[in-house]
Number of protein chains: 4
Amino acid sequence: MLRETASGLLDRTLGRFLKSLRSGGQGEIPLLDRVHPDLDDPSDQEHLRKRVDACIEGRGGEVSARAQAAALGEMYLALKRAGRVRFLRMLEEEYDTDPQAIGEAIDAFRPTLATIDPEHGSEKERRAHRIALDHLRRALIPRRLRLFKRFNGLNGGVKFLVDLRADALDAKREHPDLIGVDEDLRALLASWFDPGFLKLRRITWESPAFVLEKLIGYEAVHEIRSWDDLKNRLEPDRRCYAFFHPNMHAEPLIFVQVALVRGMSSSVQALLDPTAPLEDPLAADCAIFYSISNCQRGLSGVSFGNFLIKQVATDIARDLPDIKTFATLSPMPDFRSWLDARLEEEEGLLDPAQATTILELADNPDGIPAGSALRTLLDRPHWNEDADLTNALRPILLHLAARFLSETSSSTAQRGKRSLDRVAHFHLDNGARIERINWLGDISKRGLEQSAGIMVNYRYVLEDVEDNHERYCATGEAPISMEVKRLAKRK
Amino acid sequence: MLRETASGLLDRTLGRFLKSLRSGGQGEIPLLDRVHPDLDDPSDQEHLRKRVDACIEGRGGEVSARAQAAALGEMYLALKRAGRVRFLRMLEEEYDTDPQAIGEAIDAFRPTLATIDPEHGSEKERRAHRIALDHLRRALIPRRLRLFKRFNGLNGGVKFLVDLRADALDAKREHPDLIGVDEDLRALLASWFDPGFLKLRRITWESPAFVLEKLIGYEAVHEIRSWDDLKNRLEPDRRCYAFFHPNMHAEPLIFVQVALVRGMSSSVQALLDPTAPLEDPLAADCAIFYSISNCQRGLSGVSFGNFLIKQVATDIARDLPDIKTFATLSPMPDFRSWLDARLEEEEGLLDPAQATTILELADNPDGIPAGSALRTLLDRPHWNEDADLTNALRPILLHLAARFLSETSSSTAQRGKRSLDRVAHFHLDNGARIERINWLGDISKRGLEQSAGIMVNYRYVLEDVEDNHERYCATGEAPISMEVKRLAKRK
Amino acid sequence: MLRETASGLLDRTLGRFLKSLRSGGQGEIPLLDRVHPDLDDPSDQEHLRKRVDACIEGRGGEVSARAQAAALGEMYLALKRAGRVRFLRMLEEEYDTDPQAIGEAIDAFRPTLATIDPEHGSEKERRAHRIALDHLRRALIPRRLRLFKRFNGLNGGVKFLVDLRADALDAKREHPDLIGVDEDLRALLASWFDPGFLKLRRITWESPAFVLEKLIGYEAVHEIRSWDDLKNRLEPDRRCYAFFHPNMHAEPLIFVQVALVRGMSSSVQALLDPTAPLEDPLAADCAIFYSISNCQRGLSGVSFGNFLIKQVATDIARDLPDIKTFATLSPMPDFRSWLDARLEEEEGLLDPAQATTILELADNPDGIPAGSALRTLLDRPHWNEDADLTNALRPILLHLAARFLSETSSSTAQRGKRSLDRVAHFHLDNGARIERINWLGDISKRGLEQSAGIMVNYRYVLEDVEDNHERYCATGEAPISMEVKRLAKRK
Amino acid sequence: MLRETASGLLDRTLGRFLKSLRSGGQGEIPLLDRVHPDLDDPSDQEHLRKRVDACIEGRGGEVSARAQAAALGEMYLALKRAGRVRFLRMLEEEYDTDPQAIGEAIDAFRPTLATIDPEHGSEKERRAHRIALDHLRRALIPRRLRLFKRFNGLNGGVKFLVDLRADALDAKREHPDLIGVDEDLRALLASWFDPGFLKLRRITWESPAFVLEKLIGYEAVHEIRSWDDLKNRLEPDRRCYAFFHPNMHAEPLIFVQVALVRGMSSSVQALLDPTAPLEDPLAADCAIFYSISNCQRGLSGVSFGNFLIKQVATDIARDLPDIKTFATLSPMPDFRSWLDARLEEEEGLLDPAQATTILELADNPDGIPAGSALRTLLDRPHWNEDADLTNALRPILLHLAARFLSETSSSTAQRGKRSLDRVAHFHLDNGARIERINWLGDISKRGLEQSAGIMVNYRYVLEDVEDNHERYCATGEAPISMEVKRLAKRK
């Protein structure tokens, strides 16, 4: 993956870097000497080290230091995977904090701690404390951070760092020690991508082609198959919104697709059908968020989906006051793996009547347990097209899905209590409630495999989201509609 | 000053806050109970404390926390000076770091320092080190910082923080212990106002009135007397540029005024003369930066003048390729106070011939020293209008000005070696060189009082600025033209 | 007036012309030889004639012809009044239609008229008719029209023509034969300024300074005294809108100022009071159009006020749904002159009780008639400040004003029946109704002199404007509120 | 064709019409009663007549009249082909000028012609002349023109008229009497689409998708096969420009595609090759206009290609000063039909040596003439792939092509003298010169069939275009390079 993105980055970002340098008007571009793309030559490494040092020290002034950063970025983009990993490891090992400096700073600071109480401690002691504190803070900043910050303001510089983090995440799988580079980049990017800096933009068929092209590439939930398919999703009865960062204006960070419909949607195939007639958006009473996709792997761990949904709901509510219901149409990607595990381990998951039904459906002579039989049924290709089967499975699976959604994981591995399903967790943490479970809501291959074809409507009642969020965080308790509660009860 | 800005802020910012809250669509605005504008009632303070705590903890989710920050901002803007100072001191004293937590974090961290050497230390030890490091870093973050960050993304929120820092700077004069609030705000704003985030915009007579209105208000060097005067400064033979921040788009941060002329300008009164004929900008060979004004007191200590001048020069060079010379026309605001001090202390500053000339000019029967006589002459109102006097003083003062500019302060009080004049220091630190000294370049009252009417051209040769900057930083040595060097030599 | 505008035009428009030519990239600018600014030298005139001919014939292609038009425009702007008048008369006399060509075209066309009936006339005859018709139409186009059209697309070209028409209107007072130039320009501009091409823009304190500057200059009804006064009129409880033309984007054509208030305003001084507190626009129920100003004298006879009011009302209604009432606060500029004439001619305008009241107020020993006494009272400076007087006059003048508004002129001089008052005619023709008459609604000098201090609210009920318009056009009958009808009745 | 465009128009334009009406805020939309889509019911026709009359008379005011026009437009778009033709014929026959009114106007005007000489004729007589002239002009305006003008300013109204003219052009093939509707629309659109009103916009991959989508649809010369193909044509070494009209902003009128290359291109396949490496635009010295497409059939006869090429050349020259050569790479679409006709009629077109060569190549036993043999050779599929053949044909066909280009048609059917080739005529009339003929410059099926694979570079030397244009218009003489002149000479 590292390899593949490289050339794309090269083509596009390189052009911008060069432009950035040229438009900086700094005369000669301080190009690096050519290094081998694997960066395995010690003299190349030594050369690079000098350039990194020079950039960090910035003796020629801030403008010049940024030009040097651009040259380093350009060099990096020309590296192959092996070279990139070597460079990242160099940053990890050689450009961290200085333990000796930290030790000294702590030794100087420790004694001043006693003096900061305003009632004790003289003015002079408190000033000394403050100075020692600043020294300590500075000692705790790794050197590589100054290098990273130089990229801000370069054309394509912020995108470069985001992609550098994506590379670091990739490389970390094999080199777990890259934790420092990864974490420093994440923290820096989290401060730069504070929601306060992001701009919400509506995406329409009037949007620039280069933005739309990225939507096609980034859609992760329900693939956009062509420009025509995209156009279909931008018709007047749809809305699409994305967050952008002012210094990365061509790159959506996250986007959401919304359908404006009458009544809460229950089937994603119906929503995506290109032959479906255009609905009158003025007659809609319901906004269905049917796809949310993060676009920047390098920003994983930096969250803004929460802000996105609330701002979009607000925007739609202002525009179309007749829309009263805001809800998602979401998969349960962790349902089948939970179900399989539970069917294996737990005797009593299915009641006797359910077990009998399943065994009959499975036409099972071998006396295998009902749990296994159910799994076999769900693994059959196109099982959703067998009406007898689906009619019989429907009450059983809806009940199991309702139970799945209602349960909370409290494993200590994860901080706090949270839903068993990652999508459920995302929406519950945002303050939504579990509103409805839809049988055969997604009959795509993936939908059947992961969610047993079931989709969930999570509903956002704007007045309740804060209370919901708070209760869920504190107790793991999710707000659930009466209908789903009933489903979850064992009859 | 705190008082005066208050109401202005109130009118304008309050409106935006309310709009921010309303457009946030969060239903009810969580208004604070009314507090007394002096904030001297302990129960008011207690109420406030609870609201600040709630905002910092953000239990209702991030969106809600920002709405609470907006309500706090609104409350603050309604306070009088005394109330504001009380609030700032509360933040200083009660929302700092927790010494005990720091102490514990240090105690946990200290032992892990030994393990971070990649060659020693196991994987597990190094991971423990990293976790301890994160804890320590977090312990070093004062609680108030989380409050401040909540303001980002609010309409007017960034401007609110900038103005809060201005209030803190004012209040710090009487309450020097406000150092923590001041420094935390400065550091936060420095990261938010990184030059990479700023946008350079040209200001013309087509710019929005609310921006131009601010230029009139902020111009610090050569007062803009009216809208007509401003229009005159935006004619085709002038350029005006400003830096803006994306989240504070209505507020220039710093702006520079440039005249496009033939030959380097020597008199600022000639530049500002509204009756002067319009020059053809295509015939100009010289861009004169005749005024640079910082607009936001709350951003003092956050510097971008350096970037501004270089970007503006680059922009002009691209637009008008015939312009080859970029120079300032600048005052020497510290010249007279230096001169007075030196004339007092130093016998031999004036040579005998100069002393004689001065004594004759002063028509001095009382035998006072030449130094005092010179000071008396320069204190005479309108001395610049006496041709005999100016002819005689010209060589003497130009010589003294050249010496003044050439000398470097190396007092240990200031970090490193730097010019005696604050304006000279700004330009030399940016990499400019001292090009020319202009007799009677500024005959305004202030120009005569501070600079003895002399103005300096600092020249920016784009190819040399980096070397100049580096040498000046390292040695305090300023690049000086032959002409000024000759003037500085004692004959 | 011709003289005064000249230099202003010269400064600004000339620059744009030159830029237009230069940016046309046509190499050398085909500058005209210098002509004397009075254009009184026959050889200059001959030179000019050749250039006009060349431009009209356009042998070098369309792009070149427009460059020549620009050069002619530049020449024109450098002329003094006398020269301009000479040039306009040359266009009138020498660049009209060719009577002989018209005669021939008519002779060729006349016989074909018989053939155009589709039932008679062969295909061939009808084609011949069509060709003859085209010839005739072309013969009726004056040559100067081709010159005028060349200015379209030049920077400042459309504005040049608008100002040329203003010059023609001025000159026509002394030279009534300029009717052809005037009318040709009017017709051309009417087609270019079709409401379908105009853009409605809201004017705020964020608008470009050069637009706001023009508002200050053009406001004709209630003078804008300064930039501060203007800012006051752009506060959130005000709205200002203007029409612009795409090829004259810096120049408003007409603008309207609206106050958002609770209850229909009765006093313009209250509206204009800069110390009045800001109203909450969300609480307003009424939009008061208190000033409409045409900006381009050269567009007189080309009307768009009708469109402006309706579009503005629509825009406000969409933005602020609580605003239900749209009304003007308007002067009656023709009231006093009507009143004076009627008091002179008509014995019974005042009833005996009124006459007695007036004579008492006038403290009149000389037995002059009540009508003269009333006029004398109204000519007293500051009569509005005498409470006894105003209390006594109030019912009398309100009655007379109501009668004045209710009456319709049907003089044959004016086409059709229309109101006696020009402002009333404008609004009634737009479909408004006479809603209320306000005593001492405008106590400015002009308000007292022209309207006896009375102001009228014309109300626009959007559902009724078309019917109202149609009835008023057909019969001169104005819709009048019960309240005003009652006032108009003789008691 | 009429049929096919209809539904497209309906979908898109209807929406805009409805929006236009709704946003006009005129309350109820004055919808027409449903008419039969064939419009063959006399009562439908009568109903329609009344609505057209009402719209033309506009008794309810201008705003209302435009709303009625929108309703009529909506009705029209719902008609099928037969209904549309009926409607157009109704406009042709019933909404023309009134012959009787014209006759009377002529009778009143004719006598006044004698009086307009300024030296004879009194002021009063001349005024009477002017009034009679205005009456005559007005009588010559067909009634339908007022209907057409009402569409201006409606959302989609201008586009509606453009499409209406396209329908009229289609219908005129069968109904040649539609000449009046066609010509009235053409004249109105020519005035609205005066080049002075058009905006040149660069089209890039940042342009809105709905504009790019139209480029794909409209490209007439070298088909754009997909979004990827389009993206390839918008890379940094390409430029694409289009003209837009302010009231039809989503619709390009004409666009041109330009390649930035080193040396004048000779092969269009090389230009269109998606695998060709990206060239550095800063290294280019030549801009090749390789495709110009008109987008609006309804604007045929309204020309702006001339303006487009000159403005684009100017824009590129300013941006990239190293580009010194502006030339096209153009087909000769009329070459083969000319060649075939000449080979048939003219004995001596080929000289004996050429004839021998051709007969040998044709391997011709039957003694058919060389002319026929050549035609047979050129009709062979893929003849361009036979190297022997192409080597032998090359000098012969280049000579014939050069002769073809050099010859001028002077048939009286066409106005004036003009090139035999329609593309040559377009560029020569614009002032270009014939620079180079390229063997196998276009080996597409169409290129081989129409142009015998040959392409021409027409070169635009900006300083010469006006002289070239004028000479070509006057004499039909085309500027030809020495190289092409030599080719054209018989050896």
# chains A, B, ... in the order shown; residues from 1 in each chain; ligands from 1
$ residues_around --residues "Lys445 (chain C)" --least-positions-apart "3" --cutoff "12 Å" --atoms "only C-alpha atoms" --output "number ranges by chain"
C: 222, 269, 378-384, 440, 442, 448-453
$ write_last_selection --atoms "C-alpha atoms" --output "mmCIF file, in the first residue's frame"
data_model
loop_
_atom_site.group_PDB
_atom_site.id
_atom_site.type_symbol
_atom_site.label_atom_id
_atom_site.label_comp_id
_atom_site.auth_asym_id
_atom_site.auth_seq_id
_atom_site.Cartn_x
_atom_site.Cartn_y
_atom_site.Cartn_z
ATOM 1 C CA HIS C 222 -32.400 61.753 2.466
ATOM 2 C CA GLN C 269 -36.500 61.631 11.250
ATOM 3 C CA LEU C 378 -46.920 77.237 6.023
ATOM 4 C CA ASP C 379 -44.178 79.559 4.792
ATOM 5 C CA ARG C 380 -43.193 80.522 8.325
ATOM 6 C CA PRO C 381 -39.817 79.006 9.229
ATOM 7 C CA HIS C 382 -40.072 76.303 11.889
ATOM 8 C CA TRP C 383 -43.861 76.489 11.987
ATOM 9 C CA ASN C 384 -43.772 72.818 12.927
ATOM 10 C CA LEU C 440 -45.149 65.875 10.598
ATOM 11 C CA ASP C 442 -40.747 64.785 7.609
ATOM 12 C CA LEU C 448 -41.831 71.200 5.113
ATOM 13 C CA GLU C 449 -41.477 73.159 1.879
ATOM 14 C CA GLN C 450 -42.698 70.525 -0.543
ATOM 15 C CA SER C 451 -44.915 68.203 1.484
ATOM 16 C CA ALA C 452 -46.031 70.478 4.328
ATOM 17 C CA GLY C 453 -44.213 67.976 6.544
#
$ select_by_dssp --residues "region 303-463 of chain C" --states "strand (DSSP E)" --output "JSON, numbers by chain"
{"C": [325, 326, 327, 328, 330, 331, 408, 409, 418, 419, 433, 434, 435, 436, 437, 438, 455, 456, 457, 458, 459]}
$ atom_distance --atom1 "CA of Asp40 (chain D)" --atom2 "CA of Glu93 (chain D)"
16.3 Å
$ closest_atom_pairs --of "chain A" --to "chain B" --cutoff "6 Å" --atoms "only C-alpha atoms" --output "Markdown table"
| residue | atom | partner | partner_atom | distance |
| --- | --- | --- | --- | --- |
| A:Gly25 | CA | B:Thr314 | CA | 5.7 |
| A:Gly60 | CA | B:Glu466 | CA | 4.9 |
| A:Asn152 | CA | B:Gly196 | CA | 4.8 |
| A:Gly153 | CA | B:Gly196 | CA | 3.4 |
| A:Gly196 | CA | B:Gly153 | CA | 3.3 |
| A:Thr314 | CA | B:Gly25 | CA | 5.7 |
| A:Glu466 | CA | B:Gly60 | CA | 4.9 |
| A:Glu470 | CA | B:Gly60 | CA | 5.4 |
$ write_last_selection --atoms "N, CA, C and O atoms" --output "tab-separated table (two decimals), in the first residue's frame"
chain	number	residue	atom	x	y	z
A	25	GLY	N	9.36	32.55	-4.44
A	25	GLY	CA	10.25	33.58	-4.98
A	25	GLY	C	11.62	33.57	-4.34
A	25	GLY	O	12.32	34.57	-4.35
A	60	GLY	N	18.67	30.04	8.58
A	60	GLY	CA	18.47	31.06	7.55
A	60	GLY	C	17.15	31.79	7.68
A	60	GLY	O	16.77	32.53	6.79
A	152	ASN	N	3.72	23.19	7.36
A	152	ASN	CA	2.52	24.01	7.32
A	152	ASN	C	2.77	25.22	6.43
A	152	ASN	O	3.82	25.86	6.51
A	153	GLY	N	1.81	25.52	5.58
A	153	GLY	CA	1.94	26.69	4.74
A	153	GLY	C	2.57	26.40	3.39
A	153	GLY	O	2.46	27.19	2.47
A	196	GLY	N	-12.96	23.30	15.01
A	196	GLY	CA	-13.14	24.75	14.83
A	196	GLY	C	-12.52	25.28	13.56
A	196	GLY	O	-12.89	26.34	13.08
A	314	THR	N	-28.37	20.19	11.29
A	314	THR	CA	-28.76	21.58	11.50
A	314	THR	C	-28.99	22.29	10.17
A	314	THR	O	-29.97	23.02	10.00
A	466	GLU	N	-27.31	15.24	23.62
A	466	GLU	CA	-26.33	15.45	24.68
A	466	GLU	C	-26.57	14.54	25.87
A	466	GLU	O	-25.63	13.93	26.38
A	470	GLU	N	-24.05	11.56	27.13
A	470	GLU	CA	-23.50	11.54	28.48
A	470	GLU	C	-23.81	10.21	29.18
A	470	GLU	O	-22.93	9.60	29.78
$ closest_residue --among "D:Arg186, D:Arg86, D:His425, D:Arg225" --to "Tyr472 (chain D)" --atoms "only C-alpha atoms"
D:His425
$ residues_around --residues "Val221 (chain A)" --least-positions-apart "3" --cutoff "8 Å" --atoms "only C-alpha atoms" --output "list in words"
Ser291, Ile292 and Ser293 of chain A
